[in-house]
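Below is the file protein25.txt, which contains compact mmCIF, C-alpha atoms.
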# COMPACT_ATOMS: atom_id res chain seq x y z
CA MET Y 1 19.74 47.54 53.38
CA SER Y 2 21.23 49.55 50.60
CA GLY Y 3 20.99 53.24 49.91
CA LYS Y 4 20.10 55.94 52.35
CA ILE Y 5 19.17 55.06 55.91
CA ASN Y 6 16.34 57.11 57.39
CA ILE Y 7 16.28 57.48 61.16
CA TYR Y 8 13.33 58.92 63.03
CA LEU Y 9 12.17 59.15 66.63
CA ARG Y 10 8.81 57.88 67.76
CA ALA Y 11 7.09 57.26 71.07
CA MET Y 12 7.90 53.86 72.47
CA GLU Y 13 5.14 51.30 71.95
CA LYS Y 14 4.27 47.95 73.49
CA ARG Y 15 5.81 46.09 70.52
CA ASP Y 16 9.22 47.66 71.33
CA ILE Y 17 9.35 46.32 74.89
CA PRO Y 18 11.18 43.00 74.25
CA LYS Y 19 14.05 44.76 72.43
CA VAL Y 20 14.24 47.60 74.94
CA ILE Y 21 14.23 45.14 77.86
CA ASN Y 22 17.24 43.40 76.29
CA TRP Y 23 19.03 46.75 76.08
CA LEU Y 24 18.09 47.86 79.60
CA SER Y 25 19.09 44.50 81.08
CA ALA Y 26 22.57 44.59 79.60
CA GLU Y 27 25.52 45.85 81.61
CA ASP Y 28 26.41 48.06 78.64
CA TYR Y 29 23.28 50.14 79.27
CA TYR Y 30 24.19 50.86 82.88
CA LYS Y 31 27.73 51.67 81.88
CA HIS Y 32 26.45 54.45 79.60
CA ASN Y 33 23.26 55.68 81.33
CA LEU Y 34 21.94 56.47 84.76
CA THR Y 35 18.32 55.50 85.23
CA ALA Y 36 16.26 53.89 87.94
CA TYR Y 37 15.03 50.96 85.86
CA PRO Y 38 15.12 47.58 87.68
CA CYS Y 39 17.85 45.93 85.58
CA ASN Y 40 18.04 42.61 87.41
CA ASN Y 41 14.33 41.76 87.18
CA ARG Y 42 12.93 41.56 83.64
CA ARG Y 43 9.33 41.25 84.85
CA LEU Y 44 9.56 44.43 86.94
CA LEU Y 45 11.31 46.20 84.07
CA ARG Y 46 8.55 45.16 81.64
CA ASN Y 47 5.85 46.35 84.06
CA GLN Y 48 7.65 49.69 84.57
CA LEU Y 49 7.89 50.28 80.81
CA LEU Y 50 4.24 49.29 80.24
CA LYS Y 51 3.14 51.65 83.01
CA GLU Y 52 5.14 54.56 81.57
CA ILE Y 53 3.80 53.94 78.06
CA ALA Y 54 0.19 53.73 79.28
CA THR Y 55 0.28 56.77 81.55
CA SER Y 56 2.03 58.97 79.00
CA ARG Y 57 -0.92 58.47 76.65
CA MET Y 58 -3.53 59.43 79.24
CA ILE Y 59 -1.97 62.29 81.18
CA GLU Y 60 0.91 64.72 80.93
CA THR Y 61 3.69 62.79 82.67
CA ARG Y 62 7.15 63.73 83.86
CA THR Y 63 8.71 60.91 81.80
CA ARG Y 64 8.57 60.22 78.07
CA LEU Y 65 10.11 57.23 76.32
CA PHE Y 66 11.18 57.20 72.68
CA VAL Y 67 12.91 54.82 70.31
CA ALA Y 68 14.97 55.65 67.26
CA GLU Y 69 14.08 53.53 64.29
CA ALA Y 70 16.02 53.04 61.04
CA ASN Y 71 14.11 52.50 57.80
CA ASN Y 72 10.86 51.76 59.68
CA GLU Y 73 12.10 48.40 60.95
CA ILE Y 74 15.32 48.43 62.99
CA LEU Y 75 15.43 49.89 66.50
CA THR Y 76 18.69 51.81 66.85
CA GLY Y 77 18.35 53.73 70.11
CA PHE Y 78 16.39 54.44 73.28
CA ILE Y 79 15.71 57.96 74.56
CA THR Y 80 14.26 58.98 77.91
CA LEU Y 81 13.12 62.44 78.92
CA GLN Y 82 12.57 62.63 82.65
CA ASN Y 83 11.75 65.16 85.34
CA PHE Y 84 10.02 67.66 83.09
CA SER Y 85 9.75 71.07 84.66
CA TRP Y 86 7.39 73.06 82.50
CA GLN Y 87 7.81 76.06 84.76
CA ASN Y 88 11.60 76.09 84.27
CA ARG Y 89 11.36 74.59 80.76
CA ASN Y 90 13.92 71.85 81.35
CA ALA Y 91 14.23 68.08 81.63
CA ALA Y 92 16.81 65.31 82.00
CA LEU Y 93 17.78 63.62 78.73
CA GLN Y 94 19.39 60.19 78.38
CA ILE Y 95 20.18 58.70 74.97
CA TYR Y 96 21.26 55.09 74.64
CA ILE Y 97 22.81 53.83 71.42
CA PRO Y 98 23.51 50.05 71.50
CA ALA Y 99 27.13 49.01 71.03
CA GLU Y 100 26.55 47.65 67.52
CA PHE Y 101 25.49 51.13 66.31
CA ARG Y 102 28.01 53.24 68.24
CA THR Y 103 30.73 52.87 65.61
CA THR Y 104 28.47 54.45 62.97
CA ASP Y 105 27.13 57.98 62.54
CA LEU Y 106 23.71 56.89 63.79
CA GLY Y 107 24.43 58.25 67.27
CA VAL Y 108 25.01 61.75 65.92
CA VAL Y 109 21.79 61.61 63.86
CA ILE Y 110 19.76 60.29 66.80
CA ALA Y 111 21.17 62.90 69.19
CA ALA Y 112 20.44 65.69 66.69
CA GLN Y 113 16.85 64.51 66.34
CA ALA Y 114 16.42 64.21 70.10
CA TYR Y 115 17.71 67.75 70.68
CA SER Y 116 15.55 69.07 67.85
CA TYR Y 117 12.47 67.45 69.40
CA VAL Y 118 13.29 68.73 72.89
CA PHE Y 119 14.09 72.29 71.88
CA LYS Y 120 11.88 72.87 68.83
CA ASP Y 121 8.81 70.68 69.40
CA LEU Y 122 8.59 70.79 73.19
CA GLY Y 123 10.00 74.30 73.53
CA LEU Y 124 12.31 73.47 76.42
CA ASN Y 125 15.26 75.79 77.08
CA LYS Y 126 17.66 73.36 78.73
CA VAL Y 127 18.30 69.66 79.17
CA TYR Y 128 20.49 67.94 81.72
CA THR Y 129 22.59 64.87 81.12
CA TYR Y 130 24.05 62.82 83.95
CA VAL Y 131 27.38 61.04 83.41
CA ALA Y 132 29.04 58.66 85.86
CA GLY Y 133 32.64 59.47 86.69
CA GLY Y 134 33.68 55.98 85.58
CA ASN Y 135 32.34 56.54 82.06
CA ALA Y 136 35.59 57.85 80.59
CA GLU Y 137 34.35 57.53 77.00
CA GLN Y 138 31.37 59.82 77.50
CA LEU Y 139 33.30 62.29 79.67
CA ALA Y 140 35.97 62.50 76.94
CA ARG Y 141 33.29 63.40 74.39
CA TYR Y 142 32.14 66.31 76.54
CA LYS Y 143 35.73 67.41 77.16
CA ASN Y 144 36.53 67.31 73.41
CA ALA Y 145 33.48 69.51 72.81
CA LYS Y 146 34.81 71.91 75.50
CA HIS Y 147 31.67 71.33 77.53
CA GLU Y 148 32.22 71.63 81.28
CA PRO Y 149 29.90 70.08 83.88
CA GLU Y 150 27.57 72.43 85.72
CA ALA Y 151 28.05 70.37 88.85
CA VAL Y 152 30.02 67.40 90.09
CA LEU Y 153 28.61 65.40 92.99
CA TYR Y 154 31.65 63.71 94.49
CA ASP Y 155 31.35 60.09 95.64
CA TYR Y 156 27.63 60.22 94.79
CA LEU Y 157 27.28 56.90 92.99
CA ARG Y 158 28.15 53.42 94.23
CA SER Y 159 29.67 50.85 91.92
CA GLY Y 160 30.03 47.80 94.12
CA GLU Y 161 32.33 48.90 96.93
CA GLN Y 162 33.68 51.88 94.97
CA ALA Y 163 32.26 55.38 94.96
CA GLU Y 164 32.02 57.37 91.73
CA ASP Y 165 31.40 61.02 90.99
CA LEU Y 166 28.29 62.16 89.14
CA HIS Y 167 28.84 64.84 86.48
CA ILE Y 168 25.83 66.95 85.53
CA PHE Y 169 25.97 68.65 82.14
CA GLY Y 170 23.48 71.25 80.99
CA THR Y 171 22.80 71.91 77.33
CA PHE Y 172 20.98 75.07 76.37
CA LYS Y 173 18.67 75.58 73.44
CA ARG Y 174 20.77 78.53 72.21
CA ASP Y 175 23.85 76.30 72.02
CA VAL Y 176 22.17 73.60 69.95
CA LEU Y 177 19.89 75.60 67.69
CA LYS Y 178 22.26 78.22 66.34
CA LYS Y 179 20.71 80.93 64.21
CA PRO Y 180 22.04 81.03 60.66
CA GLN Y 181 24.59 83.76 60.01
CA SER Y 182 23.27 86.52 57.76
CA GLU Y 183 25.48 87.27 54.81
Do you think you could lay out the structure here as structure tokens?
Amino acid sequence: MSGKINIYLRAMEKRDIPKVINWLSAEDYYKHNLTAYPCNNRRLLRNQLLKEIATSRMIETRTRLFVAEANNEILTGFITLQNFSWQNRNAALQIYIPAEFRTTDLGVVIAAQAYSYVFKDLGLNKVYTYVAGGNAEQLARYKNAKHEPEAVLYDYLRSGEQAEDLHIFGTFKRDVLKKPQSE
């Protein structure tokens, strides 16, 4: 691929399931995201994804699945929006960028598109992101951006015999979609 790379988000489809199952079954996914997908059973995972894809087309669901695609052929990320609250205009957002794309600027582009979709297209006012206390890389990113957690649930998660904290970050529409300064 030479030239400019175009990244866009689209609703996850049945054809994306094999690739997404590989991502969701990898330990790397669970190191960077907190979801309730059955990681140790590929059949259950496939059925869960198929169910979520099918129901989101028929009714307004509380979960939406998206993939980021580069140049209409390469899947570069997986995005979940969960626990929609239309009354409060918020949801939980998880973005997964596979390890092979994390060293590029694709993550920034995908995150910008996800936030644009959430805040502009859906009209939500706030999204929550959950970060495990053991995920030092992601916590450092929030700290560098001077973004403090709204809540920390101490010893909330279990990692084998060890307990980990759960950090809950809230991102507001006004912080992401800044109005242009008038000259």
Interatomic distance (Å, one decimal) between CA of Tyr130 (chain Y) and CA of Glu13 (chain Y):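 Separation between CA of Tyr130 (chain Y) and CA of Glu13 (chain Y): 25.2 Å.
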So that each row is one residue of region 46-126 of chain Y with an atom at most 12 Å from region 160-168 of chain Y, can you give its shortest atom pair and the distance in Å to one decimal, using all atoms listed in the file, rows by chain and rising number, as a tab-separated table?
residue	atom	partner	partner_atom	distance
Y:Ala92	CA	Y:Ile168	CA	9.8
Y:Leu93	CA	Y:Ile168	CA	11.1
Y:Gln94	CA	Y:Ile168	CA	11.8
Keeping only C-alpha atoms, write the selected residues to a file as a PDB file, in the coordinates of the input.
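File produced: out.pdb:
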ATOM      1  CA  ALA Y  92      16.810  65.310  82.000  1.00  0.00           C
ATOM      2  CA  LEU Y  93      17.780  63.620  78.730  1.00  0.00           C
ATOM      3  CA  GLN Y  94      19.390  60.190  78.380  1.00  0.00           C
TER       4      GLN Y  94
END
Contact residues around Val109 (chain Y) with only C-alpha atoms at 10 Å, ignoring same-chain residues under 5 positions, as JSON, numbers by chain: {"Y": [6, 7, 8, 68, 104, 114]}
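You will find CA of Ile21 (chain Y) at 17.2 Å from CA of Phe101 (chain Y).
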Distance criterion (only C-alpha atoms): nearest to Leu9 (chain Y) out of Y:Ile79, Y:Leu157, Y:Val108, Y:Leu122: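 Once distances to Leu9 (chain Y) are computed over only C-alpha atoms, the minimum belongs to Y:Ile79.
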Closest of Y:Gln87, Y:Gln138, Y:Gln48, Y:Thr129 to Leu24 (chain Y) - atom-to-atom distances counting all atoms listed in the file: Y:Gln48
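Of note, CA of Leu124 (chain Y) and CA of Asn90 (chain Y) are spaced 5.4 Å apart.
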Residues within 8 Å of Gly77 (chain Y), please, as a CSV table (one decimal) with C-alpha atoms, in the coordinates of the input. Count all atoms listed in the file; anything in the same chain fewer than 4 positions from it doesn't count.
chain,number,residue,atom,x,y,z
Y,67,VAL,CA,12.9,54.8,70.3
Y,68,ALA,CA,15.0,55.6,67.3
Y,69,GLU,CA,14.1,53.5,64.3
Y,95,ILE,CA,20.2,58.7,75.0
Y,96,TYR,CA,21.3,55.1,74.6
Y,97,ILE,CA,22.8,53.8,71.4
Y,98,PRO,CA,23.5,50.0,71.5
Y,110,ILE,CA,19.8,60.3,66.8
Residue among Y:Ala136, Y:Ala54, Y:Ala151, Y:Ala91 lying closest to Gly123 (chain Y), counting only C-alpha atoms: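 Looking at the shortest contact to Gly123 (chain Y), the residue is Y:Ala91.
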Return as AutoDock Vina command-line options the centre and edge lengths, in Å with one decimal, of the box along x, y and z that encloses every atom of region 146-165 of chain Y in the file, padded by 6 Å per side.
--center_x 31.0 --center_y 60.1 --center_z 86.2 --size_x 19.5 --size_y 36.6 --size_z 33.4
Nearest to Gln113 (chain Y), chosen from Y:Phe66, Y:Phe172, Y:Asn47, Y:Lys19, with all atoms listed in the file counted in the distances: Y:Phe66
All residues 12 Å or closer to Ile5 (chain Y), all atoms listed in the file, same chain fewer than 6 positions away omitted, as a count of residues only: 11
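Distances to Val176 (chain Y) were evaluated for Y:Leu45, Y:Leu50, Y:Ala111, Y:Ile17 using all atoms listed in the file, and the minimum falls at Y:Ala111.
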From Y:Tyr29, Y:Trp23, Y:Phe169, Y:Trp86, residue lying nearest Arg141 (chain Y) [all atoms listed in the file]: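 For Arg141 (chain Y), the nearest of the given residues is Y:Phe169.
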